[in-house]
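Student: Quick one: structure below, then a few questions.
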Amino acid sequence: MERFAINQHRSLLIAVIGVIIIQLIGILVLTPTSFDSFEYLSISQAILQDGEYSAPPALNGFDAFPGESPTNMRQPGYPVFLIVFYWLLGSRFLIVQLMQLLLNTLSLCLIYMTVKRIFSDRFRDAAILFVVLYFPWLLISSSILTESLFTFLLWLFIYSLARYQENLRFLNGMISGVIFGALVLTKPAGLVIGITCSVAMLLILQWKRFRKLIPPLLLGTLLLVLPWMFRNHMSLGKLTFMPTTSGYNLWVASLPIGSNAWMEVDEFQVATRDGYYIDAQSSARFEEFAMQNFESDGVIRVVTRAIARSALAWSRFPGSGGRYGLNLIYIGSTLLQLVILGFAVVGIVNLRSRVTWLLIMPVLGLTLLLPLTKGLTRYLLPGIPAIALFAGQGFLCVFDRIQDKLKMNRKLTTG
């Protein structure tokens, strides 16, 4: 028993060290800012300086954009995070990156505690190392983007649900709701994940026990979300907690797969002629164009494109960028991705438990969003740790089977 405990801690310790090293390398070699980064930085600066949640004029080179004040083009979670760890601490990207490194490391620990809580001895401790080997989700800590914060809140939410399903305490359910509210206020994708995780809890608890979760979960969620809804209602005349990014995302989803030069499309030029691509006015125009495109394409083509967009995102190794075709990088990374997914399926089958749904459903939620967005592999990064765990479990099971067969063959040949 003592040896087993030492091995447990050893696997987690090695994983934590690996996570930190990979992230430090990413911080050293990768550029911290991208297109979306400047939106979050601008909004957070406006909150701090003017006390208003607004976007400045000519944002990201959109010279015709007069600014939007007030705005809800982005969720408030990450701008608030930047106020604390960027603007108030010397305006240094390194501080934000180190904080995101810590969040990703804590995410690893949360994932480990969750699987040990729900699977106990059936979970192979060495499988946690595959979360490190499937490394693209770690590199996002170097970027001024929402993913690290969102990933941490996602796995904190899953851990809280794992605790709740053991004792059904009202307080635990309420804490889960507060975390879910923070998840939604960081990225709207959290809403879909919340729905799929609720389905997972229904499958695990059955209806009689699941219905006890609904009141505390809703109460905790509303405690965090209602103030933002009230602010949007008072400032914008909209009783909503969702941002104005949906129109643009829906429009991109209505385009043929492979249409990457979105800004050169005539519809984009028309929608943004006097604004920013995700401001309220442009979002409404994009939504109108998207509906027209979907209608002209027909149901069969829309459904086929949605399936293809999801399949393409999952078939590509995260971080492989826009590479495709007959080149070695694309072929090699795609084969690696398919092998990982194959081992993940083996791991899921090996664990064969209703509680497994608690890890599967967040990944399913992220997948369901792919047909309604650009379908980038980056959007799947928060779910990669679950896939990595299942792949590690599957690999170790296959490895054990091979070893057992080799031992049997040796006995037969020597006997």
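Please note that chains go A, B, ... in the order of the structure tokens, that every chain numbers its residues from 1, and that ligands are numbered from 1 in the order shown.
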Could you give me, as a list in words, the residues within 8 Å of Leu59 of chain A, counting only C-alpha atoms and dropping anything in the same chain fewer than 4 positions from it?

Tutor: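 Those residues are Glu39, Ala55, Asp63, Phe65, Gly67 and Tyr276 of chain A.
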
Student: Any chance you can output those residues with N, CA and C atoms as a tab-separated table (two decimals), in the first residue's frame?

Tutor:
chain	number	residue	atom	x	y	z
A	39	GLU	N	-8.53	42.94	-28.21
A	39	GLU	CA	-9.91	43.23	-27.79
A	39	GLU	C	-10.01	43.17	-26.27
A	55	ALA	N	-15.51	49.41	-26.01
A	55	ALA	CA	-14.46	49.12	-26.99
A	55	ALA	C	-14.05	50.42	-27.66
A	63	ASP	N	-10.77	50.98	-39.15
A	63	ASP	CA	-10.72	52.45	-39.05
A	63	ASP	C	-12.10	53.09	-39.01
A	65	PHE	N	-14.66	51.99	-37.49
A	65	PHE	CA	-15.33	51.66	-36.23
A	65	PHE	C	-15.24	52.85	-35.27
A	67	GLY	N	-16.10	53.01	-32.24
A	67	GLY	CA	-16.09	52.59	-30.84
A	67	GLY	C	-17.48	52.19	-30.41
A	276	TYR	N	-17.22	47.31	-36.26
A	276	TYR	CA	-16.28	46.24	-35.94
A	276	TYR	C	-16.98	44.91	-36.15

Student: Residues of segment 348-383 of chain A within 12 Å of segment 96-117 of chain A: nearest atom pair and distance (Å, one decimal) for each, counting only C-alpha atoms, sorted by chain and number, as CSV?

Tutor:
residue,atom,partner,partner_atom,distance
A:Leu351,CA,A:Val115,CA,10.7
A:Ser353,CA,A:Val115,CA,11.8
A:Val355,CA,A:Val115,CA,9.6
A:Thr356,CA,A:Val115,CA,9.0
A:Trp357,CA,A:Val115,CA,11.7
A:Leu358,CA,A:Thr114,CA,9.6
A:Leu359,CA,A:Val115,CA,8.7
A:Leu381,CA,A:Asn104,CA,11.4
A:Pro382,CA,A:Ser107,CA,9.7
A:Gly383,CA,A:Ile111,CA,10.9

Student: What is the atom CA of Ala311 of chain A to atom CA of Thr377 of chain A distance in Å?

Tutor: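 Distance reported for this atom pair: 10.6 Å.
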
Student: Let me make sure I understand: among A:Ile144, A:Ile118, A:Ala15, A:Ile384, which one has the smallest atom-to-atom distance to Ser37 of chain A if we use only C-alpha atoms?

Tutor: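 Once distances to Ser37 of chain A are computed over only C-alpha atoms, the minimum belongs to A:Ile144.
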
Student: Counting only C-alpha atoms, which residue out of A:Pro227, A:Gly220, A:Pro57, A:Pro362 sits closest to Ile179 of chain A?

Tutor: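 Of A:Pro227, A:Gly220, A:Pro57, A:Pro362, the one nearest Ile179 of chain A, counting only C-alpha atoms, is A:Gly220.
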
Student: Mind checking which residues fall within 9 Å of Val132 of chain A, counting only C-alpha atoms, ignoring those fewer than 5 positions away in the same chain, and posting them as a list in words?

Tutor: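 That gives Ala15, Val16, Gly18, Val19, Ile22, Leu108, Leu138, Pro385 and Ala388 of chain A.
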
Student: Export, as a PDB file, in the first residue's frame, the selected residues with N, CA and C atoms.

Tutor:
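To be explicit, this is the file written out as part-v3.pdb:
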ATOM      1  N   ALA A  15       4.256  14.656 -13.825  1.00  0.00           N
ATOM      2  CA  ALA A  15       3.343  15.367 -14.722  1.00  0.00           C
ATOM      3  C   ALA A  15       3.379  16.874 -14.471  1.00  0.00           C
ATOM      4  N   VAL A  16       3.377  17.263 -13.204  1.00  0.00           N
ATOM      5  CA  VAL A  16       3.416  18.693 -12.858  1.00  0.00           C
ATOM      6  C   VAL A  16       4.715  19.332 -13.353  1.00  0.00           C
ATOM      7  N   GLY A  18       6.585  18.292 -15.816  1.00  0.00           N
ATOM      8  CA  GLY A  18       6.506  18.343 -17.276  1.00  0.00           C
ATOM      9  C   GLY A  18       5.628  19.479 -17.766  1.00  0.00           C
ATOM     10  N   VAL A  19       4.489  19.676 -17.109  1.00  0.00           N
ATOM     11  CA  VAL A  19       3.565  20.762 -17.464  1.00  0.00           C
ATOM     12  C   VAL A  19       4.247  22.118 -17.329  1.00  0.00           C
ATOM     13  N   ILE A  22       7.056  22.589 -20.149  1.00  0.00           N
ATOM     14  CA  ILE A  22       6.478  22.841 -21.480  1.00  0.00           C
ATOM     15  C   ILE A  22       5.923  24.258 -21.570  1.00  0.00           C
ATOM     16  N   LEU A 108      -4.409  20.522 -14.252  1.00  0.00           N
ATOM     17  CA  LEU A 108      -3.888  19.154 -14.247  1.00  0.00           C
ATOM     18  C   LEU A 108      -4.198  18.466 -12.925  1.00  0.00           C
ATOM     19  N   LEU A 138      -1.312  23.057 -23.268  1.00  0.00           N
ATOM     20  CA  LEU A 138      -0.450  23.765 -22.320  1.00  0.00           C
ATOM     21  C   LEU A 138       0.145  25.038 -22.910  1.00  0.00           C
ATOM     22  N   PRO A 385      -7.373  17.553 -22.190  1.00  0.00           N
ATOM     23  CA  PRO A 385      -6.942  16.738 -21.046  1.00  0.00           C
ATOM     24  C   PRO A 385      -7.769  15.471 -20.848  1.00  0.00           C
ATOM     25  N   ALA A 388      -6.703  13.018 -23.454  1.00  0.00           N
ATOM     26  CA  ALA A 388      -5.370  12.508 -23.110  1.00  0.00           C
ATOM     27  C   ALA A 388      -5.440  11.447 -22.007  1.00  0.00           C
TER      28      ALA A 388
END

Student: From the options A:Ile27, A:Ile43, A:Ala64, A:Ala200, which residue's atoms come nearest to Gly275 of chain A, counting only C-alpha atoms?

Tutor: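 Nearest candidate to Gly275 of chain A out of A:Ile27, A:Ile43, A:Ala64, A:Ala200: A:Ala64.
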
Student: What is the distance, in Å and to one decimal place, between atom CA of Phe119 of chain A and atom CA of Leu13 of chain A?

Tutor: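 Rounded to one decimal, the two atoms are 19.8 Å apart.
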
Student: Among segment 126-356 of chain A, which residues does DSSP mark as alpha helix (DSSP H) when it is run on the backbone? Keep the chain and numbering as in the structure and answer as a VMD selection string.

Tutor: chain A and resid 129 to 133 136 to 139 147 to 167 170 to 184 189 to 210 214 to 236 246 to 253 266 to 271 280 to 297 299 to 315 328 to 351

Student: Given only C-alpha atoms as the basis, pick out the residue of A:Leu149, A:Ala386, A:Leu239, A:Val346 nearest to Val184 of chain A.

Tutor: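 Once distances to Val184 of chain A are computed over only C-alpha atoms, the minimum belongs to A:Leu149.
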
Student: At a cut-off of 12 Å, using only C-alpha atoms, what residues contact Phe210 of chain A? Leave out same-chain residues fewer than 3 positions from it and give the result as a PyMOL selection string.

Tutor: chain A and resi 161+164-169+173+197-207+213-217

Student: Pick from A:Pro136, A:Leu129, A:Phe62, A:Ala46: nearest to Gln23 of chain A, with only C-alpha atoms counted?

Tutor: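 So, comparing all the options, the nearest one is A:Pro136.
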